[in-house]
Amino acid sequence: MTDLAQNLRAVRDRIDAAARAAGRDPATVALLAVSKTWPAADVRALAGLGQSDFGENRAQELVGKAAELADLPVRWHFIGQLQRNKAAAVARLGAVVHSVDRTSLAQALSRAGEAAERAVEVFLQVDLGGPEGELGARGGVDPAELPALADAVAGLPGIRLRGLMAVAPRGADPRPAFDRAGELAARLRADHPEAVEFSAGMSGDLEEAVAAGATLVRVGTALSGRRPLTSRGDTGVTPVTRASGAPG
Ligand SMILES: *Cc1c(COP(=O)(O)O)cnc(C)c1O
């Protein structure tokens with residue numbers, strides 16, 4: 001087996017074990033391969049191993065890779081901060097957007113979805129705060145404003161609400177944050193029955209997210225074999241260990 005195949009197997013095994021430990025059917029937890037900073041060849045290799053969903057956090061890198069890999073039957077997801085002027089490019093690719101945290105962005109995506117004649121599927125990103133509970137560190141809507149944002153999004157014609165997305169605070173036990181996000185996801189689903197998904201968990205905390213009900217985990221480092229970026233602060237920085245001509 002190649003490294004990528006081994007890594008994919010290991011990640012899937014972790015997800016399955018976490019699901020069983022939580023009394024859940026492993027088939028209810030999907031894997032999103034976060035391919036930001038990877039060369040397109042790695043996406044192609046993972047797609048060849050059956051991985052169907054890939055996530056990027058920069059619009060330019062997403063558009064470039066999608067063009068290079070247009071022959072593959074993969075589904076793209078956008079998981080980073082999205083500027084309104086990039087909404088159309090992302091919508092044209094049929095990408096699922098995980099990071100909707102304000103009405104103005106939702107409106108831009110809805111217009112783009114209408115223009116592309118394909119509704120944009122979105123997650124609302126909720127801000128779980130930093131290690132001290134402070135808001136604003138990693139994007140997302142204040143939990144207190146989530147219901148109003150959901151109502152606004154649900155009324156837009158070019159957009160389809162799929163669920164909630166959350167990132168755990170860095171440097172703190174992820175469990176209380178994920179439990180809280182799981183409750184918010186359940187409340188969102190109660191108000192908007194189509195919002196069935198809960199996107200949470202990354203390489204370092206996918207078990208805790210699955211325990212809290214995640215239906216989709218977003219994993220990059222553990223698939224690529226890179227070392228996790230712990231001290232730099234931003235998950236979006238270019239990794240130091242992967243030398244092979246990664247775009248962007
Ligand atoms: C990079 C990133 C991930 C993947 O993180 P890893 O620790 O590399 O698995 C997941 N979610 C978001 C929003 C990211 O930016």
# chains A, B, ... in the order shown; residues from 1 in each chain; ligands from 1
call {"tool": "residues_around", "arguments": {"residues": "Val100 of chain A", "least_positions_apart": "3", "cutoff": "7 Å", "atoms": "only C-alpha atoms", "output": "ChimeraX atom specification"}}
result
/A:97,105-106,122-125
call {"tool": "residues_near_ligand", "arguments": {"ligand": "ligand 1", "cutoff": "9 Å", "atoms": "only C-alpha atoms and all ligand atoms", "output": "count of residues only"}}
result
43
call {"tool": "select_by_dssp", "arguments": {"residues": "segment 31-63 of chain A", "states": "strand (DSSP E or B)", "output": "number ranges by chain"}}
result
A: 31-34, 53-56
call {"tool": "residues_around", "arguments": {"residues": "Arg175 of chain A", "least_positions_apart": "3", "cutoff": "6 Å", "atoms": "only C-alpha atoms", "output": "PyMOL selection string"}}
result
chain A and resi 178-179+208
call {"tool": "atom_distance", "arguments": {"atom1": "atom CA of Leu128 of chain A", "atom2": "atom CA of Leu93 of chain A"}}
result
29.0 Å
call {"tool": "residues_around", "arguments": {"residues": "Ala67 of chain A", "least_positions_apart": "5", "cutoff": "12 Å", "atoms": "only C-alpha atoms", "output": "list in words"}}
result
Ala40, Gln60, Glu61, Leu62, Leu72, Val74, Trp76, Ala89, Val90, Arg92 and Leu93 of chain A
call {"tool": "write_last_selection", "arguments": {"atoms": "all heavy atoms", "output": "CSV table (one decimal), in the first residue's frame"}}
result
chain,number,residue,atom,x,y,z
A,40,ALA,N,-2.0,18.5,-6.7
A,40,ALA,CA,-3.2,17.9,-7.3
A,40,ALA,C,-3.0,16.4,-7.4
A,40,ALA,O,-4.0,15.6,-7.4
A,40,ALA,CB,-3.5,18.5,-8.6
A,60,GLN,N,-8.7,30.6,-4.7
A,60,GLN,CA,-7.8,30.5,-5.8
A,60,GLN,C,-7.2,29.1,-6.0
A,60,GLN,O,-7.2,28.5,-7.1
A,60,GLN,CB,-6.6,31.5,-5.7
A,60,GLN,CG,-6.0,31.9,-7.0
A,60,GLN,CD,-4.9,33.0,-6.7
A,60,GLN,OE1,-5.0,33.7,-5.7
A,60,GLN,NE2,-4.0,33.0,-7.6
A,61,GLU,N,-6.9,28.5,-4.8
A,61,GLU,CA,-6.3,27.1,-4.9
A,61,GLU,C,-7.4,26.1,-5.3
A,61,GLU,O,-7.2,25.2,-6.0
A,61,GLU,CB,-5.7,26.8,-3.5
A,61,GLU,CG,-5.0,25.5,-3.5
A,61,GLU,CD,-4.3,25.2,-2.2
A,61,GLU,OE1,-4.1,26.2,-1.4
A,61,GLU,OE2,-3.9,24.1,-1.9
A,62,LEU,N,-8.6,26.4,-4.8
A,62,LEU,CA,-9.7,25.5,-5.1
A,62,LEU,C,-10.0,25.5,-6.6
A,62,LEU,O,-10.1,24.5,-7.3
A,62,LEU,CB,-11.0,25.9,-4.3
A,62,LEU,CG,-12.3,25.3,-4.8
A,62,LEU,CD1,-12.3,23.8,-4.6
A,62,LEU,CD2,-13.5,25.9,-4.0
A,72,LEU,N,-12.2,14.2,-12.7
A,72,LEU,CA,-12.5,13.3,-11.6
A,72,LEU,C,-13.9,13.6,-11.1
A,72,LEU,O,-14.4,14.7,-11.0
A,72,LEU,CB,-11.5,13.6,-10.4
A,72,LEU,CG,-10.0,13.3,-10.6
A,72,LEU,CD1,-9.3,13.6,-9.4
A,72,LEU,CD2,-9.9,11.8,-11.0
A,74,VAL,N,-15.1,14.1,-8.3
A,74,VAL,CA,-15.0,14.5,-6.9
A,74,VAL,C,-16.0,15.7,-6.6
A,74,VAL,O,-16.3,16.4,-7.4
A,74,VAL,CB,-13.6,14.9,-6.5
A,74,VAL,CG1,-12.6,13.7,-6.7
A,74,VAL,CG2,-13.1,16.1,-7.2
A,76,TRP,N,-16.2,19.1,-4.3
A,76,TRP,CA,-15.4,20.1,-3.6
A,76,TRP,C,-16.2,20.7,-2.5
A,76,TRP,O,-17.4,21.0,-2.6
A,76,TRP,CB,-14.9,21.1,-4.6
A,76,TRP,CG,-13.9,20.6,-5.6
A,76,TRP,CD1,-14.2,20.2,-6.9
A,76,TRP,CD2,-12.5,20.2,-5.3
A,76,TRP,NE1,-13.1,19.7,-7.5
A,76,TRP,CE2,-12.0,19.7,-6.5
A,76,TRP,CE3,-11.7,20.3,-4.2
A,76,TRP,CZ2,-10.7,19.2,-6.7
A,76,TRP,CZ3,-10.4,19.8,-4.4
A,76,TRP,CH2,-9.9,19.3,-5.6
A,89,ALA,N,-17.3,32.1,-8.2
A,89,ALA,CA,-16.3,31.1,-8.7
A,89,ALA,C,-16.5,29.8,-7.9
A,89,ALA,O,-16.4,28.7,-8.5
A,89,ALA,CB,-14.9,31.7,-8.5
A,90,VAL,N,-16.8,29.9,-6.6
A,90,VAL,CA,-17.0,28.7,-5.8
A,90,VAL,C,-18.3,28.0,-6.2
A,90,VAL,O,-18.4,26.8,-6.3
A,90,VAL,CB,-16.9,29.1,-4.3
A,90,VAL,CG1,-17.4,28.0,-3.4
A,90,VAL,CG2,-15.5,29.5,-3.9
A,92,ARG,N,-19.9,28.1,-9.0
A,92,ARG,CA,-19.8,27.5,-10.4
A,92,ARG,C,-19.2,26.1,-10.3
A,92,ARG,O,-19.5,25.2,-11.2
A,92,ARG,CB,-19.0,28.3,-11.3
A,92,ARG,CG,-19.8,29.4,-12.1
A,92,ARG,CD,-19.0,29.9,-13.2
A,92,ARG,NE,-17.8,30.6,-12.8
A,92,ARG,CZ,-17.7,31.9,-12.5
A,92,ARG,NH1,-18.8,32.7,-12.5
A,92,ARG,NH2,-16.6,32.5,-12.1
A,93,LEU,N,-18.4,25.8,-9.3
A,93,LEU,CA,-17.8,24.5,-9.2
A,93,LEU,C,-18.7,23.5,-8.5
A,93,LEU,O,-18.4,22.3,-8.3
A,93,LEU,CB,-16.5,24.6,-8.4
A,93,LEU,CG,-15.4,25.4,-9.0
A,93,LEU,CD1,-14.2,25.6,-8.0
A,93,LEU,CD2,-14.9,24.7,-10.3
call {"tool": "atom_distance", "arguments": {"atom1": "atom CA of Asp127 of chain A", "atom2": "atom CA of Ala144 of chain A"}}
result
9.9 Å
call {"tool": "select_by_dssp", "arguments": {"residues": "segment 5-242 of chain A", "states": "helix (DSSP H, G or I)", "output": "ChimeraX atom specification"}}
result
/A:5-21,26-28,40-48,59-68,84-92,103-116,143-154,174-191,206-211,221-224
call {"tool": "atom_distance", "arguments": {"atom1": "atom CA of Pro193 of chain A", "atom2": "atom CA of Val153 of chain A"}}
result
13.5 Å
